[in-house]
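Engineer: What follows is start-v4.txt, made up of compact mmCIF, C-alpha atoms:
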# COMPACT_ATOMS: atom_id res chain seq x y z
CA MET A 280 95.15 24.53 83.07
CA ALA A 281 95.29 24.34 79.27
CA GLU A 282 95.84 20.93 77.71
CA GLN A 283 99.21 20.61 75.97
CA THR A 284 99.15 19.56 72.34
CA ILE A 285 101.73 16.97 71.39
CA THR A 286 103.26 17.53 67.96
CA GLY A 287 106.10 16.26 65.84
CA ILE A 288 109.70 16.57 66.91
CA LEU A 289 113.18 16.69 65.47
CA THR A 290 114.78 13.33 66.12
CA THR A 291 118.16 13.08 67.81
CA ALA A 292 119.60 11.96 64.46
CA GLY A 293 117.86 14.96 62.87
CA LYS A 294 119.40 17.39 65.34
CA ASN A 295 122.85 15.87 64.72
CA TYR A 296 122.26 16.08 60.96
CA ILE A 297 121.30 19.76 61.20
CA ALA A 298 124.35 20.55 63.35
CA SER A 299 126.77 18.74 61.03
CA ARG A 300 125.26 20.36 57.91
CA ALA A 301 125.46 23.79 59.55
CA LEU A 302 129.12 23.29 60.53
CA ALA A 303 129.97 22.16 57.00
CA ASN A 304 127.98 25.06 55.51
CA LEU A 305 125.79 22.64 53.56
CA GLY A 306 122.04 22.87 53.08
CA LEU A 307 119.49 20.40 54.34
CA ASN A 308 118.87 17.76 51.70
CA VAL A 309 115.32 16.77 52.57
CA ALA A 310 114.21 14.11 50.11
CA GLU A 311 110.86 12.63 51.07
CA ILE A 312 107.97 12.21 53.43
CA ILE A 313 107.18 8.69 54.59
CA LEU A 314 103.76 7.54 55.78
CA ALA A 315 103.59 4.35 57.83
CA ASN A 316 101.05 2.30 59.75
CA ILE A 317 102.58 1.37 63.10
CA PRO A 318 100.49 -1.17 65.03
CA ASN A 319 99.22 0.05 68.42
CA LEU A 320 100.76 3.52 67.99
CA ASN A 321 99.23 6.02 70.42
CA GLU A 322 99.24 9.52 68.94
CA GLY A 323 98.81 10.95 72.45
CA VAL A 324 102.22 9.89 73.74
CA ALA A 325 105.47 11.83 73.60
CA ARG A 326 107.33 11.36 70.35
CA ASN A 327 110.46 9.24 70.55
CA PRO A 328 113.59 11.31 69.72
CA GLY A 329 115.48 8.06 69.06
CA GLU A 330 112.95 6.97 66.45
CA ALA A 331 114.17 5.34 63.24
CA VAL A 332 112.48 4.88 59.87
CA PRO A 333 110.01 2.00 60.31
CA PRO A 334 110.57 -1.39 58.71
CA SER A 335 109.48 -1.58 55.07
CA LEU A 336 106.49 -3.79 55.98
CA GLN A 337 105.00 -0.88 57.94
CA ILE A 338 105.72 1.80 55.32
CA GLU A 339 102.56 2.48 53.36
CA HIS A 340 103.75 5.29 51.10
CA ARG A 341 106.85 7.36 50.43
CA GLU A 342 106.80 10.46 48.32
CA PRO A 343 109.37 13.08 47.37
CA TYR A 344 108.21 16.41 48.76
CA HIS A 345 106.28 18.54 46.26
CA SER A 346 106.92 21.96 47.71
CA ASN A 347 108.77 23.76 50.45
CA GLY A 348 108.68 27.24 51.88
CA PHE A 349 109.69 29.38 54.80
CA ILE A 350 107.32 30.86 57.35
CA ASP A 351 109.96 33.02 59.01
CA ASP A 352 113.73 32.92 59.45
CA ASN A 353 113.43 30.08 61.95
CA THR A 354 110.53 28.08 60.51
CA VAL A 355 110.40 26.05 57.29
CA ALA A 356 107.97 23.55 55.76
CA TRP A 357 107.92 20.68 53.28
CA ALA A 358 104.67 19.31 51.82
CA ILE A 359 103.20 16.51 49.74
CA ILE A 360 99.81 16.08 48.13
CA LEU A 361 98.36 12.59 47.90
CA ASP A 362 96.14 12.83 44.83
CA GLN A 363 92.89 10.95 44.37
CA ASP A 364 94.78 8.19 42.51
CA VAL A 365 96.94 7.37 45.55
CA GLY A 366 95.72 4.62 47.89
CA ASP A 367 94.39 2.42 49.41
CA PHE A 368 96.17 2.41 52.75
CA ASP A 369 95.97 3.57 56.37
CA TYR A 370 98.69 5.52 58.18
CA ASN A 371 99.36 6.90 61.64
CA TRP A 372 103.04 7.86 61.43
CA ILE A 373 104.73 10.53 59.31
CA GLY A 374 108.44 11.11 58.90
CA LEU A 375 110.60 13.67 57.13
CA VAL A 376 113.67 11.99 55.63
CA THR A 377 116.89 13.37 54.11
CA GLU A 378 118.54 12.07 50.95
CA ASP A 379 121.03 10.04 53.03
CA GLY A 380 118.15 8.31 54.88
CA THR A 381 118.31 10.30 58.12
CA LEU A 382 114.94 10.57 59.83
CA LEU A 383 114.95 14.31 60.43
CA ALA A 384 111.57 14.63 62.15
CA VAL A 385 108.64 12.45 63.15
CA ASP A 386 105.03 12.79 64.20
CA TYR A 387 102.21 10.45 65.19
CA LEU A 388 98.65 10.86 63.94
CA PRO A 389 95.27 9.39 64.64
CA LEU A 390 94.75 6.63 62.07
CA GLN A 391 94.23 8.21 58.64
CA ARG A 392 92.49 6.32 55.83
CA LYS A 393 93.71 7.17 52.33
CA ARG A 394 91.53 5.69 49.63
CA THR A 395 91.57 6.20 45.90
CA GLY A 396 88.62 8.11 44.54
CA VAL A 397 87.30 11.47 43.57
CA ASN A 398 87.71 14.14 46.24
CA ASN A 399 89.93 11.95 48.40
CA VAL A 400 93.07 14.07 48.47
CA HIS A 401 95.34 14.36 51.49
CA ASN A 402 97.70 17.30 52.03
CA ARG A 403 100.50 16.59 54.47
CA SER A 404 103.20 18.97 55.55
CA PHE A 405 106.03 19.03 58.01
CA VAL A 406 106.86 22.34 59.67
CA LEU A 407 110.18 22.58 61.51
CA LYS A 408 111.34 25.37 63.76
CA PHE A 409 114.98 25.81 64.70
CA ALA A 410 117.52 28.65 64.67
CA ALA A 411 118.31 29.91 61.16
CA ALA A 412 116.10 27.24 59.56
CA LYS A 413 115.41 29.28 56.42
CA SER A 414 119.09 29.92 55.79
CA LEU A 415 120.23 26.37 56.54
CA ALA A 416 117.43 24.78 54.48
CA ARG A 417 118.20 27.25 51.68
CA ILE A 418 114.52 27.92 51.10
CA GLU A 419 113.78 31.23 49.44
CA ILE A 420 110.05 30.90 48.71
CA PRO A 421 107.49 31.97 51.32
CA ALA A 422 105.25 29.10 52.43
CA GLN A 423 102.19 31.20 51.59
CA SER A 424 103.02 30.92 47.88
Taking this structure as input, can you express it in the form of structure tokens?

Structural biologist:
Amino acid sequence: MAEQTITGILTTAGKNYIASRALANLGLNVAEIILANIPNLNEGVARNPGEAVPPSLQIEHREPYHSNGFIDDNTVAWAIILDQDVGDFDYNWIGLVTEDGTLLAVDYLPLQRKRTGVNNVHNRSFVLKFAAAKSLARIEIPAQS
């Protein structure tokens, strides 16, 4: 039997946010990606749909997304690039947050070390798949660009 890969999820608050924005015919107002270092976080466990943004002491970096794009009508992505001047910190948690502070989606990672220095650049992206994602997110640029 093939091993199942655990990946990020839409949070319950994120699903409610998407539903309310769709009903009001408003786009998704994704604002930033947060990187945090959560003590004793196991990246191999199921993601918690009730997750909230971590306390500020655990947040290592927050960055407005740099680019977004669609993969298909039901799949969209937001990305950041942590340049060589960003650091020094470790992180094992990544969250996609809307402008009103809703944690839309979350994922856990093996501990990542981000250090300043030449050739130490991290690219992080969040890909979400849900019905009519491209239309609701109002993203018109293909992710490949």

Engineer: Please, what distance in Å, to one decimal, runs between atom CA of Ala315 of chain A and atom CA of His340 of chain A?

Structural biologist: 6.8 Å

Engineer: Write out as a ChimeraX atom specification the residues lying within 7 Å of Leu361 of chain A, counting all atoms listed in the file and excluding same-chain residues fewer than 5 positions away.

Structural biologist: /A:400-402

Engineer: Please provide as a list of chain:residue names all residues within 8 Å of segment 290-301 of chain A, with the sequence filter that same-chain residues fewer than 6 positions apart are discarded (counting only C-alpha atoms).

Structural biologist: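 Within the cut-off, the hits are A:Leu307, A:Asn327, A:Pro328, A:Gly329, A:Glu330, A:Thr381, A:Leu382, A:Leu383, A:Ala384, A:Val385, A:Leu415.
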
Engineer: Could you work out how far atom CA of Asn308 of chain A lies from atom CA of Glu419 of chain A, giving the answer in Å with one decimal?

Structural biologist: 14.6 Å

Engineer: Go ahead and compute the interatomic distance for atom CA of Gln363 of chain A and atom CA of Arg392 of chain A, in Å to one decimal.

Structural biologist: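 Interatomic distance here is 12.4 Å.
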